[in-house]
file input.txt (compact mmCIF, C-alpha atoms)
# COMPACT_ATOMS: atom_id res chain seq x y z
CA MET A 21 0.00 0.00 0.00
CA THR A 22 1.35 3.40 -1.01
CA ASP A 23 1.23 6.36 1.34
CA ARG A 24 0.93 9.61 -0.65
CA GLY A 25 1.96 12.70 1.29
CA PRO A 26 0.92 16.28 0.53
CA SER A 27 1.94 17.56 -2.92
CA ASN A 28 4.99 19.79 -2.88
CA HIS A 29 5.49 20.30 -6.66
CA GLY A 30 8.15 17.63 -7.05
CA MET A 31 10.22 18.75 -4.03
CA MET A 32 9.98 15.31 -2.33
CA GLN A 33 12.07 12.18 -2.51
CA SER A 34 10.59 8.68 -2.51
CA THR A 35 12.27 6.04 -0.34
CA THR A 36 11.58 2.38 0.26
CA SER A 37 10.52 1.30 3.76
CA PRO A 38 12.64 -1.61 5.02
CA ALA A 39 9.62 -3.21 6.72
CA GLY A 40 7.10 -2.48 4.07
CA GLY A 41 8.18 -5.07 1.54
CA GLY A 42 8.99 -2.49 -1.10
CA ALA A 43 6.29 0.05 -0.22
CA LEU A 44 7.06 3.64 -1.31
CA VAL A 45 7.14 6.28 1.43
CA THR A 46 7.56 9.99 0.61
CA ASP A 47 9.49 12.37 2.80
CA PRO A 48 8.50 16.02 2.27
CA SER A 49 11.54 17.27 4.17
CA VAL A 50 14.00 16.00 1.54
CA THR A 51 14.70 18.28 -1.44
CA VAL A 52 15.52 16.66 -4.77
CA PRO A 53 18.75 18.15 -6.20
CA SER A 54 18.58 19.71 -9.66
CA ASP A 55 20.53 18.53 -12.71
CA ALA A 56 22.95 21.42 -12.29
CA ASP A 57 23.62 20.44 -8.63
CA LEU A 58 24.23 16.81 -9.60
CA ALA A 59 26.58 17.88 -12.40
CA TYR A 60 28.49 20.16 -10.00
CA GLU A 61 28.86 17.39 -7.40
CA ALA A 62 30.08 15.00 -10.08
CA GLY A 63 32.69 17.50 -11.24
CA VAL A 64 31.01 18.07 -14.59
CA GLN A 65 30.91 21.65 -15.84
CA VAL A 66 27.77 22.58 -17.75
CA LYS A 67 28.68 24.92 -20.61
CA ALA A 68 26.01 27.04 -22.23
CA ARG A 69 25.94 27.13 -26.04
CA SER A 70 25.23 30.21 -28.10
CA GLN A 71 22.86 30.32 -31.06
CA TRP A 72 25.85 30.28 -33.44
CA GLN A 73 27.15 27.10 -31.82
CA TYR A 74 23.77 25.43 -32.28
CA ALA A 75 23.71 26.64 -35.89
CA ARG A 76 27.17 25.17 -36.48
CA MET A 77 26.05 21.84 -35.03
CA ARG A 78 22.98 21.76 -37.27
CA PHE A 79 25.06 22.62 -40.32
CA PHE A 80 27.57 19.82 -39.73
CA ARG A 81 24.70 17.34 -39.44
CA HIS A 82 23.87 18.16 -43.05
CA LYS A 83 26.44 15.81 -44.59
CA LEU A 84 25.81 16.87 -48.18
CA ALA A 85 26.32 20.53 -47.27
CA VAL A 86 29.60 19.71 -45.49
CA VAL A 87 30.90 17.76 -48.49
CA SER A 88 29.85 20.61 -50.79
CA LEU A 89 31.66 23.11 -48.57
CA VAL A 90 34.85 21.05 -48.83
CA VAL A 91 34.45 20.95 -52.63
CA LEU A 92 34.04 24.74 -52.77
CA ILE A 93 37.11 25.24 -50.59
CA LEU A 94 39.13 23.05 -52.95
CA PHE A 95 37.92 25.03 -55.95
CA GLY A 96 38.82 28.20 -54.09
CA PHE A 97 42.37 27.00 -53.54
CA VAL A 98 42.59 26.07 -57.21
CA ALA A 99 41.49 29.58 -58.17
CA ILE A 100 43.88 31.30 -55.76
CA PHE A 101 46.92 29.24 -56.69
CA ALA A 102 46.18 28.91 -60.41
CA GLU A 103 49.69 29.91 -61.43
CA GLN A 104 51.25 27.25 -59.23
CA LEU A 105 48.79 24.46 -60.11
CA ALA A 106 48.40 24.97 -63.85
CA PRO A 107 51.06 23.01 -65.75
CA TYR A 108 51.01 25.56 -68.61
CA GLY A 109 49.90 29.12 -69.21
CA PHE A 110 46.24 29.55 -70.11
CA ASP A 111 47.18 31.19 -73.45
CA GLU A 112 50.35 29.21 -74.14
CA ILE A 113 50.04 27.98 -77.73
CA ASN A 114 51.95 24.88 -78.76
CA LEU A 115 51.15 23.67 -82.27
CA ASP A 116 53.41 20.67 -81.76
CA THR A 117 50.77 19.09 -79.50
CA VAL A 118 48.10 19.05 -82.22
CA ASP A 119 47.33 15.56 -83.53
CA PRO A 120 49.35 15.34 -86.79
CA THR A 121 47.07 12.71 -88.34
CA THR A 122 43.79 14.55 -87.99
CA GLY A 123 44.98 18.11 -87.53
CA LEU A 124 42.81 18.37 -84.42
CA ALA A 125 43.49 18.79 -80.73
CA LEU A 126 44.86 16.01 -78.61
CA SER A 127 42.33 13.93 -76.71
CA PRO A 128 42.72 13.42 -72.93
CA ARG A 129 45.66 11.16 -72.18
CA LEU A 130 48.00 10.37 -69.33
CA ASP A 131 51.18 10.50 -71.39
CA GLY A 132 52.46 13.78 -72.75
CA GLY A 133 51.36 15.92 -69.79
CA HIS A 134 47.88 16.78 -71.11
CA ILE A 135 45.49 14.75 -68.95
CA LEU A 136 42.47 16.76 -70.17
CA GLY A 137 43.75 17.10 -73.72
CA THR A 138 44.33 20.29 -75.68
CA ASP A 139 42.18 22.66 -77.71
CA GLN A 140 42.41 23.43 -81.44
CA LEU A 141 45.49 25.64 -80.90
CA GLY A 142 47.38 23.15 -78.78
CA ARG A 143 46.69 24.94 -75.48
CA ASP A 144 46.58 22.69 -72.44
CA TYR A 145 42.93 22.32 -71.48
CA LEU A 146 43.53 21.58 -67.80
CA SER A 147 45.36 24.89 -67.47
CA ARG A 148 42.59 26.77 -69.25
CA ILE A 149 39.95 25.21 -66.99
CA ILE A 150 41.95 26.14 -63.88
CA TYR A 151 42.16 29.76 -64.99
CA GLY A 152 38.51 29.63 -66.03
CA ILE A 153 37.57 28.56 -62.50
CA ARG A 154 39.42 31.61 -61.14
CA THR A 155 37.56 33.99 -63.46
CA SER A 156 34.10 32.48 -62.88
CA LEU A 157 34.48 32.32 -59.09
CA TRP A 158 35.84 35.88 -58.98
CA VAL A 159 32.85 37.19 -60.94
CA ALA A 160 30.41 35.17 -58.81
CA LEU A 161 31.84 36.42 -55.50
CA PHE A 162 31.91 40.02 -56.76
CA VAL A 163 28.26 39.76 -57.82
CA ALA A 164 27.23 38.13 -54.54
CA LEU A 165 28.94 40.72 -52.34
CA LEU A 166 27.80 43.77 -54.30
CA SER A 167 24.21 42.64 -54.86
CA THR A 168 23.88 41.52 -51.23
CA ALA A 169 25.10 44.91 -50.00
CA ILE A 170 22.73 46.82 -52.29
CA GLY A 171 19.73 44.60 -51.58
CA THR A 172 20.29 44.64 -47.83
CA ALA A 173 20.67 48.43 -47.72
CA VAL A 174 17.57 49.10 -49.84
CA GLY A 175 15.43 46.56 -48.00
CA ALA A 176 16.56 47.77 -44.56
CA VAL A 177 15.81 51.42 -45.29
CA ALA A 178 12.45 50.64 -46.88
CA GLY A 179 11.35 48.28 -44.13
CA TYR A 180 12.50 50.41 -41.20
CA TYR A 181 11.18 53.80 -42.26
CA GLY A 182 8.10 52.68 -44.20
CA GLY A 183 5.69 55.24 -45.60
CA LYS A 184 6.82 57.25 -48.62
CA VAL A 185 10.37 55.94 -48.44
CA ASP A 186 9.09 52.37 -48.58
CA ASN A 187 6.74 53.10 -51.47
CA LEU A 188 9.42 54.85 -53.50
CA LEU A 189 12.07 52.15 -53.06
CA MET A 190 9.68 49.24 -53.57
CA ARG A 191 8.12 50.72 -56.71
CA PHE A 192 11.62 51.12 -58.13
CA THR A 193 12.33 47.51 -57.18
CA ASP A 194 9.11 46.33 -58.83
CA LEU A 195 10.09 48.22 -61.97
CA LEU A 196 13.38 46.34 -62.17
CA LEU A 197 11.57 43.05 -61.61
CA THR A 198 9.33 43.66 -64.63
CA ILE A 199 12.25 44.36 -66.99
CA PRO A 200 13.45 41.25 -68.89
CA GLY A 201 16.79 40.49 -67.33
CA LEU A 202 18.37 38.85 -70.37
CA ALA A 203 17.52 41.81 -72.62
CA VAL A 204 19.08 44.22 -70.12
CA LEU A 205 22.20 42.07 -69.83
CA LEU A 206 22.66 41.87 -73.58
CA THR A 207 22.11 45.61 -74.04
CA ALA A 208 24.49 46.51 -71.22
CA ALA A 209 27.12 44.08 -72.47
CA VAL A 210 27.03 45.65 -75.94
CA TYR A 211 27.07 49.19 -74.55
CA PHE A 212 29.98 48.63 -72.17
CA GLY A 213 31.95 46.68 -74.76
CA SER A 214 33.97 43.50 -74.48
CA ASN A 215 37.35 45.02 -73.61
CA ASP A 216 38.89 46.60 -70.53
CA THR A 217 37.70 50.15 -69.90
CA GLU A 218 39.94 52.99 -68.76
CA VAL A 219 38.20 55.52 -66.53
CA PRO A 220 39.99 58.79 -65.60
CA VAL A 221 39.80 59.40 -61.85
CA GLY A 222 41.47 62.72 -61.11
CA PRO A 223 45.12 62.65 -62.11
CA VAL A 224 45.20 58.86 -62.58
CA THR A 225 43.48 56.46 -64.96
CA VAL A 226 41.78 53.38 -63.51
CA THR A 227 41.41 50.31 -65.69
CA ILE A 228 38.22 48.33 -65.17
CA PRO A 229 38.74 44.71 -66.25
CA GLN A 230 36.12 43.22 -68.52
CA PRO A 231 35.10 40.52 -65.98
CA MET A 232 34.41 43.26 -63.43
CA LYS A 233 32.10 45.00 -65.89
CA ILE A 234 30.14 41.78 -66.38
CA GLY A 235 29.95 41.34 -62.60
CA LEU A 236 28.74 44.90 -62.15
CA ILE A 237 25.96 44.39 -64.69
CA LEU A 238 24.82 41.19 -62.97
CA ALA A 239 24.96 42.73 -59.50
CA LEU A 240 22.75 45.65 -60.53
CA LEU A 241 20.05 43.14 -61.50
CA PHE A 242 20.35 40.48 -58.80
CA TRP A 243 19.75 42.63 -55.71
CA VAL A 244 16.00 43.14 -56.14
CA GLY A 245 14.93 39.78 -54.71
CA LEU A 246 17.00 40.21 -51.58
CA ALA A 247 15.69 43.75 -51.08
CA ARG A 248 12.10 42.47 -50.86
CA ILE A 249 13.09 39.74 -48.40
CA VAL A 250 14.99 42.12 -46.11
CA ARG A 251 12.19 44.67 -46.30
CA GLY A 252 9.66 42.09 -45.09
CA LEU A 253 11.91 41.08 -42.20
CA PHE A 254 12.43 44.69 -41.12
CA LEU A 255 8.69 45.41 -41.26
CA SER A 256 8.16 42.59 -38.78
CA LEU A 257 11.15 43.21 -36.51
CA ARG A 258 10.72 46.97 -36.14
CA GLU A 259 7.57 46.37 -34.08
CA LYS A 260 9.32 44.10 -31.56
CA GLU A 261 9.87 45.06 -27.94
CA PHE A 262 13.66 45.19 -28.15
CA VAL A 263 13.43 47.83 -30.90
CA GLU A 264 11.04 49.92 -28.80
CA ALA A 265 13.42 49.57 -25.86
CA ALA A 266 16.36 50.73 -27.99
CA LYS A 267 14.37 53.77 -29.14
CA ALA A 268 13.42 54.57 -25.55
CA ALA A 269 17.10 54.35 -24.57
CA GLY A 270 17.92 57.02 -27.17
CA ALA A 271 19.61 54.83 -29.79
CA SER A 272 19.86 56.37 -33.25
CA ASP A 273 18.13 54.88 -36.27
CA LEU A 274 21.44 53.77 -37.75
CA ARG A 275 22.42 51.97 -34.55
CA ILE A 276 19.03 50.27 -34.30
CA ILE A 277 19.28 49.09 -37.90
CA LEU A 278 22.86 47.83 -37.69
CA ARG A 279 23.08 46.58 -34.10
CA HIS A 280 19.57 45.42 -33.24
CA ILE A 281 17.57 44.49 -36.34
CA LEU A 282 20.11 43.49 -38.98
CA PRO A 283 21.75 40.70 -36.89
CA ASN A 284 18.34 39.02 -36.72
CA CYS A 285 18.21 38.94 -40.53
CA VAL A 286 21.61 37.33 -41.11
CA GLY A 287 20.20 33.86 -41.81
CA PRO A 288 17.99 34.71 -44.81
CA ILE A 289 20.60 37.13 -46.16
CA VAL A 290 23.38 34.53 -46.11
CA VAL A 291 21.19 31.88 -47.73
CA PHE A 292 20.08 34.26 -50.48
CA ALA A 293 23.70 35.29 -51.07
CA THR A 294 24.61 31.66 -51.82
CA LEU A 295 21.77 31.47 -54.33
CA ILE A 296 22.99 34.67 -55.98
CA THR A 297 26.49 33.18 -56.26
CA ALA A 298 25.25 30.09 -58.06
CA ALA A 299 23.00 32.17 -60.33
CA ALA A 300 25.89 34.49 -61.18
CA ILE A 301 28.08 31.60 -62.31
CA LEU A 302 25.35 30.17 -64.52
CA THR A 303 24.38 33.58 -65.95
CA GLU A 304 27.98 34.51 -66.72
CA ALA A 305 28.41 31.17 -68.49
CA ALA A 306 25.19 31.79 -70.46
CA LEU A 307 26.34 35.26 -71.51
CA SER A 308 29.68 33.88 -72.64
CA PHE A 309 27.90 31.09 -74.49
CA ILE A 310 25.90 33.56 -76.61
CA GLY A 311 28.95 35.74 -77.19
CA TYR A 312 28.28 38.66 -74.81
CA GLY A 313 30.20 37.53 -71.76
CA ILE A 314 33.89 37.45 -70.93
CA GLN A 315 35.99 37.57 -74.08
CA PRO A 316 39.51 36.34 -74.93
CA PRO A 317 42.25 36.37 -73.91
CA THR A 318 40.66 35.97 -70.44
CA ALA A 319 39.74 32.32 -69.79
CA ALA A 320 36.22 31.68 -68.46
CA LEU A 321 34.28 28.44 -68.16
CA GLY A 322 31.40 29.65 -70.29
CA LYS A 323 33.73 30.87 -73.02
CA LEU A 324 35.51 27.49 -73.04
CA ILE A 325 32.19 25.79 -73.80
CA VAL A 326 31.56 28.26 -76.62
CA ASP A 327 34.95 27.57 -78.15
CA GLY A 328 34.31 23.83 -78.17
CA GLN A 329 30.64 23.65 -79.16
CA SER A 330 31.36 24.11 -82.87
CA GLU A 331 33.34 20.86 -82.92
CA GLY A 332 30.36 18.78 -81.82
CA PHE A 333 31.18 15.25 -80.69
CA THR A 334 34.56 15.24 -82.41
CA LEU A 335 36.30 17.18 -79.64
CA TRP A 336 33.87 16.24 -76.88
CA TRP A 337 36.25 17.11 -74.04
CA LEU A 338 36.17 20.81 -74.96
CA VAL A 339 32.54 20.97 -73.79
CA VAL A 340 32.24 18.15 -71.26
CA PHE A 341 34.97 19.16 -68.81
CA PRO A 342 34.15 22.88 -68.37
CA GLY A 343 30.43 22.06 -68.33
CA LEU A 344 31.04 19.46 -65.63
CA VAL A 345 33.00 21.96 -63.53
CA ILE A 346 30.21 24.55 -63.80
CA THR A 347 27.64 21.95 -62.76
CA ILE A 348 29.67 20.81 -59.75
CA ILE A 349 30.27 24.37 -58.54
CA ALA A 350 26.62 25.37 -58.93
CA LEU A 351 25.36 22.24 -57.15
CA ALA A 352 27.87 22.63 -54.33
CA ILE A 353 26.83 26.24 -53.74
CA ASN A 354 23.15 25.28 -53.69
CA PHE A 355 23.77 22.44 -51.23
CA VAL A 356 25.74 24.75 -48.95
CA GLY A 357 22.86 27.23 -49.09
CA ASP A 358 20.46 24.42 -48.19
CA GLY A 359 22.60 23.53 -45.19
CA LEU A 360 22.84 27.16 -44.09
CA ARG A 361 19.08 27.52 -44.35
CA ASP A 362 18.56 24.57 -42.03
CA ALA A 363 21.32 25.68 -39.66
CA LEU A 364 20.25 29.30 -39.31
CA ASP A 365 16.56 28.52 -38.91
CA PRO A 366 15.93 28.31 -35.14
CA THR A 367 12.73 26.30 -35.71
CA GLN A 368 14.60 23.64 -37.69
CA ARG A 369 14.92 20.47 -35.63
CA ARG A 370 15.06 17.77 -38.30
CA VAL A 371 18.41 16.01 -38.60
CA ARG A 372 19.51 15.83 -42.23
CA SER A 373 21.27 12.76 -43.52

call {"tool": "encode", "arguments": {"input": "input.txt", "output": "structure tokens"}}
result
Amino acid sequence: MTDRGPSNHGMMQSTTSPAGGGALVTDPSVTVPSDADLAYEAGVQVKARSQWQYARMRFFRHKLAVVSLVVLILFGFVAIFAEQLAPYGFDEINLDTVDPTTGLALSPRLDGGHILGTDQLGRDYLSRIIYGIRTSLWVALFVALLSTAIGTAVGAVAGYYGGKVDNLLMRFTDLLLTIPGLAVLLTAAVYFGSNDTEVPVGPVTVTIPQPMKIGLILALLFWVGLARIVRGLFLSLREKEFVEAAKAAGASDLRIILRHILPNCVGPIVVFATLITAAAILTEAALSFIGYGIQPPTAALGKLIVDGQSEGFTLWWLVVFPGLVITIIALAINFVGDGLRDALDPTQRRVRS
């Protein structure tokens, strides 16, 4: 028979009576120690984790995102150390390597030092792909950083101030969304030209490389989606209690935007930036494919595909290898963005395999 004492909200300890044959007897005078007390007595130190630590743990559970991150890091090292890794120069012509029987480029082979073959001019294709990775990644990162900065600034100002400022900025954003992006890209590419541009800045002349011009054109079109996302987040967060408390404490609008609201929008901004990076690589390759992207002598992955497409299946490696690299980079960036989305979402509890 069990003797139930008065309820004390869990502050009692159950003991077994020696004469009761296993009967439970409660003692209201005994306080049950907490988990923290037990950990302290056992010599275990309980360490609190920040939100960023939890986000890092969730990201590393996403195995595909981790593998993709490693792949992107490897491509980044290839781009940075292109001169050291490329066996030949990207524009080094060697007519002796052309197949003498067919008059065409050498196919991929282990002997002769051309494991990915050569192009029609005898240029080592592995070297050209390595330099093409550098150009494509440089353009993609430039587009991602610039468009993210513009979109975040426009969305933050529109969402925080609202009213006429919001209407003006969002109507301008809607106008850009209605303009066909490909037509704008083609027109801008023709207008800016396909060569480096020299711009006089005071007493000096600054040379703008042609890849930077392509990146600038893409960035001025890619920021609109992020601006709408950031604007929606700011419209919601500006009504929160911590923002009202910051205003009551006398914080300026700039401090509230940068120190209080913007850190709560980092997750969606980072995820969208990864999507912009992948889109920039594919768009730059598409522009080069139709003849309005990065032009020779600069090596770019899209331009390599253009140079090899006229040969059809005869010189298949001229299209397959740069196309495969573009596909791997774009997929890796998207998978990393998927992992960041899961990691930075505080409501995400599902463990990804």

call {"tool": "atom_distance", "arguments": {"input": "input.txt", "atom1": "CA of Thr138 (chain A)", "atom2": "CA of Tyr312 (chain A)"}}
result
24.4 Å

call {"tool": "atom_distance", "arguments": {"input": "input.txt", "atom1": "CA of Gly322 (chain A)", "atom2": "CA of Leu344 (chain A)"}}
result
11.2 Å

call {"tool": "atom_distance", "arguments": {"input": "input.txt", "atom1": "CA of Trp337 (chain A)", "atom2": "CA of Gly133 (chain A)"}}
result
15.7 Å

call {"tool": "closest_residue", "arguments": {"input": "input.txt", "among": "A:Phe262, A:Phe341, A:Tyr181, A:Phe162", "to": "Phe242 (chain A)", "atoms": "all atoms listed in the file"}}
result
A:Phe162

call {"tool": "closest_residue", "arguments": {"input": "input.txt", "among": "A:Ala350, A:Ile153, A:Ile277, A:Ala305", "to": "Ala178 (chain A)", "atoms": "all atoms listed in the file"}}
result
A:Ile277

call {"tool": "axis_aligned_box", "arguments": {"input": "input.txt", "around": "region 146-150 of chain A", "padding_each_side": "8 Å", "output": "lines of an AutoDock Vina configuration file"}}
result
center_x = 42.7
center_y = 24.2
center_z = -66.6
size_x = 21.4
size_y = 21.2
size_z = 21.4

call {"tool": "closest_residue", "arguments": {"input": "input.txt", "among": "A:Arg248, A:Arg76, A:Arg81, A:Arg279", "to": "Gly179 (chain A)", "atoms": "only C-alpha atoms"}}
result
A:Arg248

call {"tool": "residues_around", "arguments": {"input": "input.txt", "residues": "Gly152 (chain A)", "least_positions_apart": "6", "cutoff": "12 Å", "atoms": "all atoms listed in the file", "output": "MDAnalysis selection string"}}
result
chainID A and resid 95 98:100 102 106 109:111 145:146 158:159 231 301 304:305 308 314:325 341:343 345:346

call {"tool": "closest_residue", "arguments": {"input": "input.txt", "among": "A:Leu84, A:Val290, A:Leu126, A:Ile281", "to": "Arg251 (chain A)", "atoms": "all atoms listed in the file"}}
result
A:Ile281

call {"tool": "closest_residue", "arguments": {"input": "input.txt", "among": "A:Leu364, A:Ile296, A:Leu136, A:Ala169", "to": "Asn284 (chain A)", "atoms": "only C-alpha atoms"}}
result
A:Leu364

call {"tool": "residues_around", "arguments": {"input": "input.txt", "residues": "Leu282 (chain A)", "least_positions_apart": "6", "cutoff": "10 Å", "atoms": "all atoms listed in the file", "output": "VMD selection string"}}
result
chain A and resid 172 176 250 253 to 254 257 275 to 276 289

call {"tool": "residues_around", "arguments": {"input": "input.txt", "residues": "Asp194 (chain A)", "least_positions_apart": "3", "cutoff": "10 Å", "atoms": "all atoms listed in the file", "output": "ChimeraX atom specification"}}
result
/A:189-191,197-199,244-245,248

call {"tool": "decode", "arguments": {"input": "input.txt", "residues": "region 262-284 of chain A", "atoms": "C-alpha atoms", "output": "PDB file, in the first residue's frame"}}
result
ATOM      1  CA  PHE A 262      13.662  45.192 -28.152  1.00  0.00           C
ATOM      2  CA  VAL A 263      13.429  47.832 -30.901  1.00  0.00           C
ATOM      3  CA  GLU A 264      11.041  49.922 -28.799  1.00  0.00           C
ATOM      4  CA  ALA A 265      13.417  49.570 -25.857  1.00  0.00           C
ATOM      5  CA  ALA A 266      16.355  50.731 -27.991  1.00  0.00           C
ATOM      6  CA  LYS A 267      14.374  53.774 -29.141  1.00  0.00           C
ATOM      7  CA  ALA A 268      13.419  54.571 -25.547  1.00  0.00           C
ATOM      8  CA  ALA A 269      17.097  54.354 -24.575  1.00  0.00           C
ATOM      9  CA  GLY A 270      17.922  57.022 -27.167  1.00  0.00           C
ATOM     10  CA  ALA A 271      19.613  54.833 -29.787  1.00  0.00           C
ATOM     11  CA  SER A 272      19.864  56.370 -33.246  1.00  0.00           C
ATOM     12  CA  ASP A 273      18.127  54.885 -36.266  1.00  0.00           C
ATOM     13  CA  LEU A 274      21.439  53.766 -37.754  1.00  0.00           C
ATOM     14  CA  ARG A 275      22.424  51.970 -34.551  1.00  0.00           C
ATOM     15  CA  ILE A 276      19.031  50.270 -34.301  1.00  0.00           C
ATOM     16  CA  ILE A 277      19.279  49.086 -37.904  1.00  0.00           C
ATOM     17  CA  LEU A 278      22.862  47.834 -37.692  1.00  0.00           C
ATOM     18  CA  ARG A 279      23.081  46.576 -34.097  1.00  0.00           C
ATOM     19  CA  HIS A 280      19.569  45.425 -33.245  1.00  0.00           C
ATOM     20  CA  ILE A 281      17.566  44.488 -36.341  1.00  0.00           C
ATOM     21  CA  LEU A 282      20.114  43.485 -38.980  1.00  0.00           C
ATOM     22  CA  PRO A 283      21.752  40.700 -36.891  1.00  0.00           C
ATOM     23  CA  ASN A 284      18.341  39.016 -36.724  1.00  0.00           C
TER      24      ASN A 284
END
